[in-house]
>>> print(open('protein.cif').read())   # mmCIF, C-alpha atoms
data_coords
#
loop_
_atom_site.label_atom_id
_atom_site.label_comp_id
_atom_site.auth_asym_id
_atom_site.auth_seq_id
_atom_site.Cartn_x
_atom_site.Cartn_y
_atom_site.Cartn_z
CA MET A 24 13.29 18.88 -13.58
CA LEU A 25 13.31 15.75 -15.77
CA TYR A 26 13.64 13.57 -12.68
CA GLN A 27 10.58 15.21 -11.14
CA LYS A 28 8.56 14.70 -14.31
CA LEU A 29 9.52 11.01 -14.50
CA LYS A 30 8.65 10.62 -10.82
CA THR A 31 5.27 12.27 -11.39
CA LEU A 32 4.57 10.03 -14.40
CA TYR A 33 5.51 6.93 -12.42
CA GLU A 34 3.32 7.94 -9.49
CA LYS A 35 0.33 8.70 -11.72
CA VAL A 36 0.64 5.33 -13.48
CA ARG A 37 0.85 3.58 -10.10
CA LEU A 38 -2.17 5.48 -8.81
CA GLN A 39 -4.16 4.57 -11.92
CA HIS A 40 -3.14 0.93 -11.50
CA TYR A 41 -4.19 0.88 -7.83
CA ARG A 42 -7.47 2.61 -8.69
CA ASP A 43 -8.20 -0.06 -11.30
CA LEU A 44 -7.09 -2.88 -9.00
CA PHE A 45 -9.16 -1.77 -6.02
CA SER A 46 -12.22 -1.16 -8.19
CA ARG A 47 -12.19 -4.91 -8.87
CA VAL A 48 -11.73 -5.99 -5.25
CA LYS A 49 -15.26 -6.73 -4.05
CA GLU A 50 -16.56 -8.42 -0.92
CA ARG A 51 -18.26 -11.50 -2.34
CA ASP A 52 -17.68 -15.24 -2.54
CA GLY A 53 -14.62 -16.14 -4.59
CA SER A 54 -13.44 -12.56 -4.87
CA LEU A 55 -9.87 -11.60 -4.20
CA SER A 56 -8.59 -9.68 -1.22
CA ALA A 57 -6.27 -6.77 -2.00
CA THR A 58 -3.25 -8.93 -1.07
CA GLU A 59 -4.44 -11.74 -3.33
CA ALA A 60 -5.04 -9.27 -6.16
CA TYR A 61 -1.48 -8.00 -5.79
CA ALA A 62 -0.13 -11.56 -5.75
CA ALA A 63 -2.09 -12.46 -8.90
CA ASP A 64 -0.83 -9.28 -10.56
CA VAL A 65 2.78 -10.21 -9.76
CA ILE A 66 2.28 -13.69 -11.23
CA TYR A 67 0.78 -12.12 -14.36
CA LEU A 68 3.64 -9.62 -14.68
CA MET A 69 6.29 -12.30 -14.17
CA GLY A 70 4.79 -14.58 -16.81
CA ALA A 71 5.12 -18.10 -15.40
CA PRO A 72 7.36 -17.87 -12.35
CA THR A 73 8.45 -20.74 -10.19
CA VAL A 74 7.19 -20.60 -6.62
CA SER A 75 10.74 -19.78 -5.58
CA ALA A 76 11.07 -16.91 -8.07
CA PHE A 77 7.69 -15.55 -6.96
CA ALA A 78 8.79 -15.68 -3.31
CA ASP A 79 12.14 -14.04 -4.12
CA THR A 80 10.49 -11.26 -6.11
CA LEU A 81 8.15 -10.40 -3.25
CA GLY A 82 10.79 -10.93 -0.57
CA ILE A 83 8.65 -13.48 1.27
CA SER A 84 9.32 -17.01 2.48
CA GLN A 85 8.61 -19.96 0.21
CA PRO A 86 5.89 -21.31 2.57
CA ASN A 87 4.19 -17.87 2.52
CA ALA A 88 4.40 -17.81 -1.28
CA THR A 89 2.97 -21.33 -1.46
CA TYR A 90 0.10 -20.30 0.82
CA LYS A 91 -0.71 -17.27 -1.37
CA ILE A 92 -0.52 -19.34 -4.55
CA ASN A 93 -2.70 -22.10 -3.08
CA ASN A 94 -5.39 -19.52 -2.24
CA LEU A 95 -5.29 -18.18 -5.79
CA VAL A 96 -5.43 -21.69 -7.27
CA SER A 97 -8.38 -22.66 -5.04
CA LYS A 98 -10.30 -19.58 -6.24
CA GLY A 99 -9.43 -20.24 -9.90
CA TYR A 100 -7.20 -17.19 -10.39
CA ALA A 101 -3.97 -19.15 -10.83
CA ARG A 102 -2.80 -22.55 -12.09
CA ARG A 103 0.17 -24.70 -11.21
CA SER A 104 2.01 -26.66 -13.86
CA GLY A 105 4.91 -29.03 -13.50
CA SER A 106 8.00 -28.79 -15.64
CA ASP A 107 8.67 -31.58 -18.12
CA ALA A 108 12.42 -31.18 -17.63
CA ASP A 109 12.41 -31.15 -13.81
CA ARG A 110 9.46 -32.68 -11.96
CA ARG A 111 10.45 -30.81 -8.78
CA GLU A 112 9.96 -27.45 -10.50
CA CYS A 113 6.47 -25.97 -10.39
CA ARG A 114 5.45 -22.95 -12.42
CA VAL A 115 2.50 -20.71 -11.67
CA THR A 116 0.41 -18.91 -14.25
CA VAL A 117 -2.76 -16.90 -13.98
CA GLY A 118 -5.99 -18.74 -14.67
CA GLU A 119 -8.86 -17.80 -16.94
CA ARG A 120 -10.76 -16.29 -14.06
CA PHE A 121 -7.93 -13.79 -13.64
CA PHE A 122 -8.58 -12.35 -17.10
CA SER A 123 -12.28 -11.89 -16.42
CA TYR A 124 -11.37 -10.15 -13.16
CA TYR A 125 -8.32 -8.23 -14.26
CA ASN A 126 -8.53 -5.88 -17.20
CA THR A 127 -5.24 -6.13 -19.11
CA ASP A 128 -6.20 -3.23 -21.37
CA TYR A 129 -5.07 0.21 -20.36
CA PRO A 130 -7.45 2.84 -21.81
CA PHE A 131 -5.55 5.70 -20.15
CA MET A 132 -2.41 4.65 -22.05
CA GLU A 133 -4.26 4.46 -25.35
CA GLU A 134 -5.63 7.97 -24.77
CA GLY A 135 -2.14 9.24 -23.93
CA LEU A 136 -0.64 7.57 -26.99
CA GLY A 137 -3.33 9.09 -29.19
CA SER A 138 -2.48 12.52 -27.82
CA LEU A 139 1.23 11.97 -28.48
CA GLN A 140 0.54 10.83 -32.03
CA ARG A 141 -1.55 13.94 -32.70
CA ASN A 142 1.00 16.34 -31.23
CA TYR A 143 4.39 14.95 -32.25
CA SER A 144 6.06 13.90 -35.47
CA ALA A 145 7.00 10.32 -36.31
CA GLU A 146 10.67 11.21 -35.73
CA GLU A 147 9.94 12.65 -32.28
CA LEU A 148 7.89 9.58 -31.37
CA SER A 149 10.70 7.32 -32.57
CA LEU A 150 13.16 9.16 -30.33
CA PHE A 151 10.73 8.93 -27.41
CA GLU A 152 10.36 5.19 -28.01
CA ARG A 153 14.15 4.76 -27.91
CA MET A 154 14.26 6.73 -24.65
CA ILE A 155 11.61 4.49 -23.12
CA ASP A 156 13.59 1.43 -24.25
CA ASP A 157 16.64 2.86 -22.50
CA LEU A 158 14.66 3.38 -19.28
CA ILE A 159 13.24 -0.15 -19.45
CA GLN A 160 16.78 -1.55 -19.65
CA HIS A 161 17.47 -0.06 -16.21
CA LEU A 162 14.54 -1.79 -14.50
CA LYS A 163 14.79 -5.29 -13.09
#
>>> encode(input="protein.cif", output="structure tokens")
Amino acid sequence: MLYQKLKTLYEKVRLQHYRDLFSRVKERDGSLSATEAYAADVIYLMGAPTVSAFADTLGISQPNATYKINNLVSKGYARRSGSDADRRECRVTVGERFFSYYNTDYPFMEEGLGSLQRNYSAEELSLFERMIDDLIQHLK
């Protein structure tokens, strides 16, 4: 029963994410395709990955990753930066245009948290927070 509830929660969060992501994918100059939006999202979620780490995470070749990153850079959704320690290492971060395109606020989560805070005690919420921390430790 708990497994099914966690699965349902995960699926609903994914669906909400896809709904938000696709609502921003528009057919106009400089807009992102769905694949580019996913790639930009992965870069955002990874922080500042190397091209190699980005490719490994997505399970794609380094040339394919470079191609995707170059498209994002050319549209202003990502930036490349060299490492001071190793000039061969290149890190990728999202650009300013990404933040105007991609809403990093999650209103549905704030609504859910408000409901939890109204319906559960501080002790129960603390226990729930520890449980979430435990689940997070099991994710890559």
>>> residues_around(input="protein.cif", residues="Leu81 in chain A", least_positions_apart="5", cutoff="12 Å", atoms="all atoms listed in the file", output="JSON, numbers by chain")
{"A": [58, 61, 62, 63, 64, 65, 66, 69, 72, 74, 75, 76, 87, 88, 91]}
>>> residues_around(input="protein.cif", residues="Phe131 in chain A", least_positions_apart="2", cutoff="12 Å", atoms="only C-alpha atoms", output="mmCIF file with C-alpha atoms, in the frame of the given file")
data_model
loop_
_atom_site.group_PDB
_atom_site.id
_atom_site.type_symbol
_atom_site.label_atom_id
_atom_site.label_comp_id
_atom_site.auth_asym_id
_atom_site.auth_seq_id
_atom_site.Cartn_x
_atom_site.Cartn_y
_atom_site.Cartn_z
ATOM 1 C CA LYS A 35 0.330 8.700 -11.720
ATOM 2 C CA VAL A 36 0.640 5.330 -13.480
ATOM 3 C CA LEU A 38 -2.170 5.480 -8.810
ATOM 4 C CA GLN A 39 -4.160 4.570 -11.920
ATOM 5 C CA HIS A 40 -3.140 0.930 -11.500
ATOM 6 C CA ASP A 43 -8.200 -0.060 -11.300
ATOM 7 C CA THR A 127 -5.240 -6.130 -19.110
ATOM 8 C CA ASP A 128 -6.200 -3.230 -21.370
ATOM 9 C CA TYR A 129 -5.070 0.210 -20.360
ATOM 10 C CA GLU A 133 -4.260 4.460 -25.350
ATOM 11 C CA GLU A 134 -5.630 7.970 -24.770
ATOM 12 C CA GLY A 135 -2.140 9.240 -23.930
ATOM 13 C CA LEU A 136 -0.640 7.570 -26.990
ATOM 14 C CA GLY A 137 -3.330 9.090 -29.190
ATOM 15 C CA SER A 138 -2.480 12.520 -27.820
#
>>> atom_distance(input="protein.cif", atom1="CA of Arg42 in chain A", atom2="CA of Arg141 in chain A")
27.2 Å
>>> residues_near_point(input="protein.cif", point="(-10.6, -21.5, -5.1)", cutoff="12 Å", atoms="only C-alpha atoms", output="mmCIF file with C-alpha atoms, in the frame of the given file")
data_model
loop_
_atom_site.group_PDB
_atom_site.id
_atom_site.type_symbol
_atom_site.label_atom_id
_atom_site.label_comp_id
_atom_site.auth_asym_id
_atom_site.auth_seq_id
_atom_site.Cartn_x
_atom_site.Cartn_y
_atom_site.Cartn_z
ATOM 1 C CA ASP A 52 -17.680 -15.240 -2.540
ATOM 2 C CA GLY A 53 -14.620 -16.140 -4.590
ATOM 3 C CA SER A 54 -13.440 -12.560 -4.870
ATOM 4 C CA LEU A 55 -9.870 -11.600 -4.200
ATOM 5 C CA GLU A 59 -4.440 -11.740 -3.330
ATOM 6 C CA LYS A 91 -0.710 -17.270 -1.370
ATOM 7 C CA ILE A 92 -0.520 -19.340 -4.550
ATOM 8 C CA ASN A 93 -2.700 -22.100 -3.080
ATOM 9 C CA ASN A 94 -5.390 -19.520 -2.240
ATOM 10 C CA LEU A 95 -5.290 -18.180 -5.790
ATOM 11 C CA VAL A 96 -5.430 -21.690 -7.270
ATOM 12 C CA SER A 97 -8.380 -22.660 -5.040
ATOM 13 C CA LYS A 98 -10.300 -19.580 -6.240
ATOM 14 C CA GLY A 99 -9.430 -20.240 -9.900
ATOM 15 C CA TYR A 100 -7.200 -17.190 -10.390
ATOM 16 C CA ALA A 101 -3.970 -19.150 -10.830
ATOM 17 C CA ARG A 102 -2.800 -22.550 -12.090
ATOM 18 C CA GLY A 118 -5.990 -18.740 -14.670
ATOM 19 C CA ARG A 120 -10.760 -16.290 -14.060
ATOM 20 C CA PHE A 121 -7.930 -13.790 -13.640
#
>>> atom_distance(input="protein.cif", atom1="CA of Glu34 in chain A", atom2="CA of Val117 in chain A")
26.0 Å
>>> atom_distance(input="protein.cif", atom1="CA of Lys30 in chain A", atom2="CA of Ser56 in chain A")
28.3 Å
